[in-house]
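J.: Here it is: the structure, laid out below.
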Amino acid sequence: MPEVHLKLPHHQYVIHVRAGLLAELGALVRAVVPHDRAAILADQQVLPRHGQAAKQSLEQAGYSVVVQSVAAGENHKNLQAVAALYGTLVEHHMERKSPIFALGGGVIGDTAGFVAATYLRGVPFVQVPTTLLAMVDASVGGKVGVNLPQGKNLVGAFHQPQLVAIDTDTLRTLPAREFRGGLAECVKHGVIRDEQLFNWIDDHLDAILALDSASLVELVRWNVRIKANVVMADEKETGERAHLNFGHTFGHAIEAVQTYGASDGYSHGEAVALGMVAATRLAVNARRCDASVLDRLIRLLDRLSLPTSAKNLPPTDALLASMQLDKKVASGKVRLILPDRMGAVSIVGDTPASAIVAAWNSLRTS
Ligand code: GLY
């Protein structure tokens with residue numbers, strides 16, 4: 001299977017997906033962004049595991065490398081972290097052509113990417129995602145940014161990377177709960193675009209959960225190809241890129257109300273799993289799609305040990321209020337992504353509040 005090429009009118013890049021790719025990182029990058037120095041901004045938990053391999057590979061390719069550890073977690077994705085990183089880059093004389101690497105999950109990719117988008121009005125950026133969530137979603141497509149105290153991702157930019165380098169071996173050290181959370185986004189891609197992918201995940205779940213090397217490469221490549229196709233059709237989210245938000249309007253509300261990063265709360269992937277169930281049930285109730293889509297979705301999420309109902313969901317009025325604050329609300333209306341059938345969704349902007357309330361309440365178990 002070939003590598004994935006993401007082609008935009010102003011820029012194109014390759015998303016490499018292989019087991020053991022970190023060892024080739026320097027050679028791959030040298031061909032695209034040659035320079036004498038580089039900065040690796042690395043998640044502090046990922047640095048001890050993969051920092052040395054990335055640094056060594058870049059040094060062998062002739063870069064002098066600065067490595068900066070960055071605090072992990074959504075509550076560190078903020079402008080204070082960005083300011084500290086600018087300081088590191090200035091101190092080490094990073095220039096307009098010095099590439100910046102994001103090594104870690106979505107938080108580090110978004111933060112380092114925002115730094116790369118703005119430092120010296122923009123420098124080359126390379127994504128090296130090490131979580132499944134970042135591999136199949138956040139690292140592809142150029143969305144970068146940080147949170148404000150008032151809400152998630154309220155400051156940001158589109159800054160496409162020069163290259164995305166995905167080493168599927170890094171998934172071997174990922175905590176199981178995070179891996180399953182990433183699988184929620186893979187299931188999402190199946191529902192919004194590709195019934196075959198949905199069925200393939202179902203058929204190969206044992207191999208995927210056993211971290212079979214070939215299955216991981218195929219899973220990530222397939223999902224990256226779907227994400228890249230959506231971004232190529234609509235880079236700036238004026239239309240179909242919003243399909244990627246399937247399950248996220250409900251999911252973000254859960255995350256926001258329980259406050260981001262709460263250690264005892266739902267993870268992003270878990271909140272998205274609940275959100276996909278709520279959105280699909282709403283679509284079934286509105287007779288927009290067949291009930292079999294909901295049954296298949298719940299069955300697969302159950303097999304993944306992702307939540308499909310909730311005992312301890314926050315109060316519905318708080319969840320509804322949070323949905324209204326979501327930055328994807330247009331002219332005061334909540335826009336939902338609802339399935340038409342397995343593999344196809346629509347953007348729906350006129351859902352009555354009563355239907356949304358019913359969808360929230362249907363998630364509750366006593
Ligand atoms: N994660 C949604 C997007 O990239 O548009």
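Quick note on naming: the chains in the structure tokens go A, B, ... in the order shown, residues restart at 1 in each chain, and ligands are numbered from 1 in order of appearance.
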Can you tell me, as a list in words, what residues are no more than 9 Å from A:Gly26 when counting only C-alpha atoms, ignoring any on the same chain fewer than 4 positions away?

T.: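 The contact residues come out as Leu22, Arg30, Ala31, Ala54, Lys55, Gln56, Ser57, Leu58, Glu59, Gln60, Ala61, Gly62 and Tyr63 of chain A.
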
J.: Quick one: which chain A residues come within 8 Å of ligand 1, and what is the nearest atom pair for each with the distance in Å to one decimal, counting only C-alpha atoms and all ligand atoms, rows ordered by chain and ascending number, as a Markdown table?

T.:
```
| residue | atom | partner | partner_atom_place_in_ligand_line | distance |
| --- | --- | --- | --- | --- |
| A:Asp137 | CA | ligand 1 | 1 (N) | 5.5 |
| A:Ala138 | CA | ligand 1 | 1 (N) | 5.5 |
| A:Val140 | CA | ligand 1 | 4 (O) | 7.0 |
| A:Gly141 | CA | ligand 1 | 4 (O) | 5.8 |
| A:Gly142 | CA | ligand 1 | 4 (O) | 7.5 |
| A:Lys143 | CA | ligand 1 | 4 (O) | 6.0 |
| A:Lys227 | CA | ligand 1 | 4 (O) | 7.7 |
| A:Val231 | CA | ligand 1 | 5 (O) | 7.4 |
| A:Glu237 | CA | ligand 1 | 5 (O) | 6.8 |
| A:Arg241 | CA | ligand 1 | 5 (O) | 5.5 |
| A:Ala242 | CA | ligand 1 | 5 (O) | 6.4 |
| A:Leu244 | CA | ligand 1 | 2 (C) | 5.3 |
| A:Asn245 | CA | ligand 1 | 2 (C) | 6.2 |
```

J.: Go ahead and write the selection's residues with N, CA and C atoms as a PDB file, in the first residue's frame.

T.:
```pdb
ATOM      1  N   ASP A 137      -5.930  11.355  13.454  1.00  0.00           N
ATOM      2  CA  ASP A 137      -6.749  12.568  13.399  1.00  0.00           C
ATOM      3  C   ASP A 137      -5.909  13.830  13.488  1.00  0.00           C
ATOM      4  N   ALA A 138      -5.427  14.161  14.706  1.00  0.00           N
ATOM      5  CA  ALA A 138      -4.886  15.509  14.935  1.00  0.00           C
ATOM      6  C   ALA A 138      -3.646  15.842  14.113  1.00  0.00           C
ATOM      7  N   VAL A 140      -2.895  15.119  11.101  1.00  0.00           N
ATOM      8  CA  VAL A 140      -3.134  15.261   9.661  1.00  0.00           C
ATOM      9  C   VAL A 140      -4.104  16.409   9.422  1.00  0.00           C
ATOM     10  N   GLY A 141      -3.712  17.372   8.618  1.00  0.00           N
ATOM     11  CA  GLY A 141      -4.683  18.389   8.220  1.00  0.00           C
ATOM     12  C   GLY A 141      -4.396  19.800   8.664  1.00  0.00           C
ATOM     13  N   GLY A 142      -3.358  20.000   9.505  1.00  0.00           N
ATOM     14  CA  GLY A 142      -2.869  21.355   9.743  1.00  0.00           C
ATOM     15  C   GLY A 142      -3.586  22.174  10.791  1.00  0.00           C
ATOM     16  N   LYS A 143      -4.574  21.603  11.501  1.00  0.00           N
ATOM     17  CA  LYS A 143      -5.190  22.400  12.571  1.00  0.00           C
ATOM     18  C   LYS A 143      -4.248  22.407  13.767  1.00  0.00           C
ATOM     19  N   LYS A 227      -8.816  10.644   6.420  1.00  0.00           N
ATOM     20  CA  LYS A 227      -8.667  12.010   6.951  1.00  0.00           C
ATOM     21  C   LYS A 227      -8.072  12.922   5.874  1.00  0.00           C
ATOM     22  N   VAL A 231      -9.607  16.413   4.218  1.00  0.00           N
ATOM     23  CA  VAL A 231      -8.882  17.691   4.284  1.00  0.00           C
ATOM     24  C   VAL A 231      -8.629  18.233   2.866  1.00  0.00           C
ATOM     25  N   GLU A 237     -12.433  23.867   6.501  1.00  0.00           N
ATOM     26  CA  GLU A 237     -13.711  23.499   7.131  1.00  0.00           C
ATOM     27  C   GLU A 237     -14.831  24.489   6.801  1.00  0.00           C
ATOM     28  N   ARG A 241     -15.401  19.052   5.866  1.00  0.00           N
ATOM     29  CA  ARG A 241     -14.481  18.720   6.968  1.00  0.00           C
ATOM     30  C   ARG A 241     -15.236  18.625   8.294  1.00  0.00           C
ATOM     31  N   ALA A 242     -16.359  19.348   8.373  1.00  0.00           N
ATOM     32  CA  ALA A 242     -17.173  19.283   9.597  1.00  0.00           C
ATOM     33  C   ALA A 242     -17.689  17.864   9.861  1.00  0.00           C
ATOM     34  N   LEU A 244     -16.036  15.366  10.215  1.00  0.00           N
ATOM     35  CA  LEU A 244     -15.131  14.754  11.200  1.00  0.00           C
ATOM     36  C   LEU A 244     -15.594  15.026  12.630  1.00  0.00           C
ATOM     37  N   ASN A 245     -16.536  15.942  12.775  1.00  0.00           N
ATOM     38  CA  ASN A 245     -17.049  16.253  14.116  1.00  0.00           C
ATOM     39  C   ASN A 245     -18.185  15.323  14.540  1.00  0.00           C
TER      40      ASN A 245
END
```

J.: Which value, in Å to one decimal, gives the distance between atom CA of A:Thr130 and atom CA of A:Gly104?

T.: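 One can read the atom CA of A:Thr130 to atom CA of A:Gly104 distance as 4.9 Å.
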
J.: Find the residue from A:Asp110, A:Arg172, A:Thr351, A:Thr238 that sits nearest to A:Ala210; use only C-alpha atoms when measuring.

T.: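 Among the listed residues, A:Arg172 lies closest to A:Ala210.
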
J.: Considering only C-alpha atoms, can you say which of A:Leu41, A:Met342, A:Ala321, A:Ala278 comes closest to A:Val293?

T.: A:Met342

J.: Nearest to A:Ala184 among A:Leu133, A:Ala233, A:Leu216, A:Leu171, with distances taken over only C-alpha atoms: which residue is it?

T.: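 Of the candidates, the smallest distance to A:Ala184 is held by A:Leu133.
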
J.: Using only C-alpha atoms, which residues sit within 10 Å of A:Val126 once same-chain residues fewer than 6 positions away are excluded, as a ChimeraX atom specification?

T.: /A:29,33,40,99-103,109,112-113,116,139,160-165

J.: Keeping only N, CA and C atoms, write those residues as a compact mmCIF listing (two decimals), in the first residue's frame.

T.:
```txt
# COMPACT_ATOMS: atom_id res chain seq x y z
N VAL A 29 13.31 13.56 6.64
CA VAL A 29 13.16 15.00 6.81
C VAL A 29 14.22 15.76 6.01
N VAL A 33 13.10 19.17 4.39
CA VAL A 33 13.49 20.43 5.06
C VAL A 33 14.93 20.37 5.53
N ILE A 40 13.20 19.48 18.72
CA ILE A 40 12.16 18.48 19.03
C ILE A 40 11.42 18.95 20.28
N PRO A 99 13.50 23.30 11.18
CA PRO A 99 12.24 22.58 11.43
C PRO A 99 11.98 22.33 12.92
N ILE A 100 10.70 22.39 13.27
CA ILE A 100 10.24 22.06 14.63
C ILE A 100 9.48 20.75 14.56
N PHE A 101 9.82 19.85 15.46
CA PHE A 101 9.17 18.53 15.50
C PHE A 101 8.25 18.45 16.71
N ALA A 102 7.06 17.93 16.50
CA ALA A 102 6.16 17.62 17.62
C ALA A 102 6.22 16.12 17.83
N LEU A 103 6.73 15.70 18.99
CA LEU A 103 6.83 14.27 19.30
C LEU A 103 5.89 13.98 20.48
N GLY A 109 1.14 18.04 19.61
CA GLY A 109 1.05 18.40 18.19
C GLY A 109 0.37 19.74 18.00
N ALA A 112 2.87 22.54 19.77
CA ALA A 112 4.10 22.75 18.98
C ALA A 112 3.75 23.29 17.60
N GLY A 113 2.63 22.83 17.06
CA GLY A 113 2.20 23.31 15.74
C GLY A 113 1.84 24.79 15.78
N ALA A 116 5.03 26.62 15.87
CA ALA A 116 5.64 26.63 14.52
C ALA A 116 4.90 27.58 13.58
N SER A 139 -2.81 14.84 13.78
CA SER A 139 -1.54 15.16 13.11
C SER A 139 -1.72 15.45 11.62
N GLN A 160 0.02 23.70 7.88
CA GLN A 160 0.24 22.32 7.43
C GLN A 160 1.68 21.90 7.69
N PRO A 161 1.88 20.66 8.11
CA PRO A 161 3.26 20.18 8.30
C PRO A 161 3.97 19.96 6.96
N GLN A 162 5.29 19.83 7.02
CA GLN A 162 6.07 19.48 5.82
C GLN A 162 6.06 17.97 5.62
N LEU A 163 5.73 17.28 6.68
CA LEU A 163 5.82 15.81 6.67
C LEU A 163 5.13 15.30 7.93
N VAL A 164 4.49 14.15 7.82
CA VAL A 164 4.01 13.47 9.02
C VAL A 164 4.70 12.11 9.04
N ALA A 165 5.37 11.80 10.14
CA ALA A 165 6.12 10.54 10.25
C ALA A 165 5.51 9.70 11.36
```

J.: Using Å and a single decimal, report how far atom CA of A:Ser267 sits from atom CA of A:Arg18.

T.: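 For atom CA of A:Arg18 relative to atom CA of A:Ser267, the distance reads 26.9 Å.
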
J.: Please tabulate, as JSON lines, the residues of stretch 160-269 of chain A that come within 12 Å of stretch 309-313 of chain A, each with its closest pair of atoms and the distance in Å to one decimal, counting only C-alpha atoms and ordering rows by chain, then residue number upward.

T.:
```
{"residue": "A:Phe250", "atom": "CA", "partner": "A:Leu313", "partner_atom": "CA", "distance": 11.6}
{"residue": "A:Gly251", "atom": "CA", "partner": "A:Leu313", "partner_atom": "CA", "distance": 11.3}
{"residue": "A:Ala253", "atom": "CA", "partner": "A:Leu313", "partner_atom": "CA", "distance": 10.7}
{"residue": "A:Ile254", "atom": "CA", "partner": "A:Leu313", "partner_atom": "CA", "distance": 7.6}
{"residue": "A:Glu255", "atom": "CA", "partner": "A:Leu313", "partner_atom": "CA", "distance": 10.5}
{"residue": "A:Val257", "atom": "CA", "partner": "A:Leu313", "partner_atom": "CA", "distance": 9.5}
{"residue": "A:Gln258", "atom": "CA", "partner": "A:Leu313", "partner_atom": "CA", "distance": 8.9}
{"residue": "A:Asp264", "atom": "CA", "partner": "A:Asn312", "partner_atom": "CA", "distance": 11.1}
{"residue": "A:Gly265", "atom": "CA", "partner": "A:Asn312", "partner_atom": "CA", "distance": 9.4}
{"residue": "A:Tyr266", "atom": "CA", "partner": "A:Leu313", "partner_atom": "CA", "distance": 9.6}
```

J.: Restricting the output to N, CA and C atoms, write the selected residues as a tab-separated table (two decimals), in the first residue's frame.

T.:
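Listed below is the output, part39.tsv:
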```tsv
chain	number	residue	atom	x	y	z
A	250	PHE	N	-21.62	16.38	20.89
A	250	PHE	CA	-22.03	15.79	22.17
A	250	PHE	C	-20.79	15.50	23.03
A	251	GLY	N	-19.78	14.93	22.42
A	251	GLY	CA	-18.57	14.52	23.17
A	251	GLY	C	-17.87	15.70	23.83
A	253	ALA	N	-19.15	18.45	24.75
A	253	ALA	CA	-19.97	18.96	25.85
A	253	ALA	C	-19.69	18.13	27.12
A	254	ILE	N	-19.59	16.82	26.96
A	254	ILE	CA	-19.27	15.98	28.13
A	254	ILE	C	-17.91	16.38	28.70
A	255	GLU	N	-16.92	16.51	27.81
A	255	GLU	CA	-15.57	16.86	28.27
A	255	GLU	C	-15.56	18.22	28.97
A	257	VAL	N	-18.07	19.95	30.40
A	257	VAL	CA	-18.82	20.04	31.65
A	257	VAL	C	-18.08	19.31	32.77
A	258	GLN	N	-17.42	18.23	32.44
A	258	GLN	CA	-16.69	17.52	33.51
A	258	GLN	C	-15.33	18.19	33.75
A	264	ASP	N	-10.78	11.53	36.69
A	264	ASP	CA	-11.80	10.51	36.92
A	264	ASP	C	-12.92	10.60	35.89
A	265	GLY	N	-12.79	11.50	34.91
A	265	GLY	CA	-13.86	11.68	33.94
A	265	GLY	C	-13.66	10.83	32.70
A	266	TYR	N	-14.50	11.07	31.69
A	266	TYR	CA	-14.35	10.37	30.42
A	266	TYR	C	-13.17	10.96	29.64
```

J.: Please list as an MDAnalysis selection string every residue within 12 Å of A:Glu91, counting only C-alpha atoms and excluding residues in the same chain fewer than 5 positions away.

T.: chainID A and resid 39 66 68 84:86

J.: Write the residues of the selection above to a file with C-alpha atoms, as a compact mmCIF listing (two decimals), in the first residue's frame.

T.:
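The result, stored in result_14.txt:
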```txt
# COMPACT_ATOMS: atom_id res chain seq x y z
CA ALA A 39 14.07 21.46 17.67
CA VAL A 66 17.60 20.85 20.70
CA GLN A 68 12.59 20.42 24.89
CA ALA A 84 7.89 29.24 27.23
CA LEU A 85 8.56 27.38 23.96
CA TYR A 86 9.17 30.64 22.06
```

J.: If I take atom CA of A:Leu25 and atom CA of A:Val220, how far is one from the other in Å, to one decimal?

T.: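 So the answer is 17.8 Å.
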
J.: Can you pull out every residue from stretch 75-163 of chain A that DSSP, working from the backbone, puts in strand (DSSP E), and format the result as number ranges by chain?

T.: A: 100-104, 125-129, 143-148, 151-158, 163

J.: Near A:Glu74, counting only C-alpha atoms, which residues have an atom at most 12 Å away, once you skip same-chain residues fewer than 4 positions from it, shown as a ChimeraX atom specification?

T.: /A:43,70,78,81,105-111,145-149,151-153,255-256,259-263,267-268

J.: Take the residues from that selection and put them in a file with N, CA and C atoms, as an mmCIF file, in the first residue's frame.

T.:
```
data_model
loop_
_atom_site.group_PDB
_atom_site.id
_atom_site.type_symbol
_atom_site.label_atom_id
_atom_site.label_comp_id
_atom_site.auth_asym_id
_atom_site.auth_seq_id
_atom_site.Cartn_x
_atom_site.Cartn_y
_atom_site.Cartn_z
ATOM 1 N N ASP A 43 6.496 15.605 24.309
ATOM 2 C CA ASP A 43 5.685 15.297 25.486
ATOM 3 C C ASP A 43 6.595 14.667 26.549
ATOM 4 N N VAL A 70 7.917 18.958 27.167
ATOM 5 C CA VAL A 70 6.718 19.781 27.341
ATOM 6 C C VAL A 70 5.749 19.021 28.246
ATOM 7 N N ASN A 78 -1.772 25.645 26.547
ATOM 8 C CA ASN A 78 -2.215 27.028 26.734
ATOM 9 C C ASN A 78 -1.133 28.017 26.282
ATOM 10 N N ALA A 81 2.386 27.868 27.938
ATOM 11 C CA ALA A 81 3.287 26.856 27.373
ATOM 12 C C ALA A 81 3.895 27.364 26.061
ATOM 13 N N GLY A 105 1.455 13.167 21.613
ATOM 14 C CA GLY A 105 0.046 13.043 21.223
ATOM 15 C C GLY A 105 -0.519 14.352 20.705
ATOM 16 N N GLY A 106 -1.845 14.437 20.730
ATOM 17 C CA GLY A 106 -2.531 15.589 20.148
ATOM 18 C C GLY A 106 -2.214 16.905 20.846
ATOM 19 N N VAL A 107 -2.038 16.855 22.170
ATOM 20 C CA VAL A 107 -1.772 18.094 22.904
ATOM 21 C C VAL A 107 -0.448 18.705 22.443
ATOM 22 N N ILE A 108 0.571 17.864 22.317
ATOM 23 C CA ILE A 108 1.876 18.394 21.915
ATOM 24 C C ILE A 108 1.852 18.804 20.442
ATOM 25 N N GLY A 109 1.145 18.038 19.613
ATOM 26 C CA GLY A 109 1.048 18.395 18.192
ATOM 27 C C GLY A 109 0.371 19.744 18.003
ATOM 28 N N ASP A 110 -0.710 19.962 18.749
ATOM 29 C CA ASP A 110 -1.444 21.233 18.634
ATOM 30 C C ASP A 110 -0.607 22.402 19.156
ATOM 31 N N THR A 111 0.062 22.182 20.298
ATOM 32 C CA THR A 111 0.842 23.268 20.915
ATOM 33 C C THR A 111 2.090 23.574 20.085
ATOM 34 N N GLY A 145 -3.321 24.739 17.601
ATOM 35 C CA GLY A 145 -3.891 25.759 18.484
ATOM 36 C C GLY A 145 -3.834 25.353 19.936
ATOM 37 N N VAL A 146 -4.279 26.270 20.766
ATOM 38 C CA VAL A 146 -4.271 26.026 22.215
ATOM 39 C C VAL A 146 -5.613 26.453 22.825
ATOM 40 N N ASN A 147 -5.797 26.089 24.080
ATOM 41 C CA ASN A 147 -7.023 26.426 24.802
ATOM 42 C C ASN A 147 -6.906 27.797 25.471
ATOM 43 N N LEU A 148 -8.018 28.434 25.709
ATOM 44 C CA LEU A 148 -8.087 29.602 26.581
ATOM 45 C C LEU A 148 -8.836 29.163 27.845
ATOM 46 N N PRO A 149 -8.733 29.943 28.930
ATOM 47 C CA PRO A 149 -9.512 29.563 30.120
ATOM 48 C C PRO A 149 -11.004 29.435 29.788
ATOM 49 N N GLY A 151 -12.380 28.262 26.992
ATOM 50 C CA GLY A 151 -12.805 27.137 26.166
ATOM 51 C C GLY A 151 -11.656 26.521 25.381
ATOM 52 N N LYS A 152 -11.980 25.352 24.810
ATOM 53 C CA LYS A 152 -10.960 24.551 24.138
ATOM 54 C C LYS A 152 -10.687 25.066 22.725
ATOM 55 N N ASN A 153 -9.433 25.072 22.329
ATOM 56 C CA ASN A 153 -9.012 25.394 20.953
ATOM 57 C C ASN A 153 -9.547 26.740 20.465
ATOM 58 N N GLU A 255 -16.925 16.509 27.811
ATOM 59 C CA GLU A 255 -15.571 16.857 28.274
ATOM 60 C C GLU A 255 -15.561 18.217 28.965
ATOM 61 N N ALA A 256 -16.273 19.190 28.372
ATOM 62 C CA ALA A 256 -16.237 20.556 28.911
ATOM 63 C C ALA A 256 -16.925 20.625 30.267
ATOM 64 N N THR A 259 -15.039 19.255 32.982
ATOM 65 C CA THR A 259 -13.763 19.993 32.933
ATOM 66 C C THR A 259 -12.672 19.115 32.329
ATOM 67 N N TYR A 260 -11.971 19.750 31.357
ATOM 68 C CA TYR A 260 -11.002 19.011 30.565
ATOM 69 C C TYR A 260 -9.928 18.355 31.404
ATOM 70 N N GLY A 261 -9.621 17.116 31.027
ATOM 71 C CA GLY A 261 -8.497 16.448 31.661
ATOM 72 C C GLY A 261 -8.797 15.923 33.053
ATOM 73 N N ALA A 262 -10.062 15.984 33.490
ATOM 74 C CA ALA A 262 -10.399 15.454 34.815
ATOM 75 C C ALA A 262 -9.984 13.988 34.872
ATOM 76 N N SER A 263 -9.204 13.616 35.866
ATOM 77 C CA SER A 263 -8.611 12.282 35.852
ATOM 78 C C SER A 263 -9.673 11.193 36.028
ATOM 79 N N SER A 267 -12.415 10.112 28.980
ATOM 80 C CA SER A 267 -11.359 10.580 28.080
ATOM 81 C C SER A 267 -12.020 11.109 26.807
ATOM 82 N N HIS A 268 -11.221 11.745 25.942
ATOM 83 C CA HIS A 268 -11.774 12.263 24.691
ATOM 84 C C HIS A 268 -12.437 11.136 23.883
#
```

J.: Using only C-alpha atoms for the distances, tell me which of A:Leu300, A:Ala53, A:Val284, A:Met135 is nearest to A:His204.

T.: A:Leu300

J.: Which is closest to A:Glu95 among A:Arg121, A:Ile356, A:Lys7, A:Gly247, if we use only C-alpha atoms?

T.: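 Of all the options, A:Arg121 lies closest to A:Glu95.
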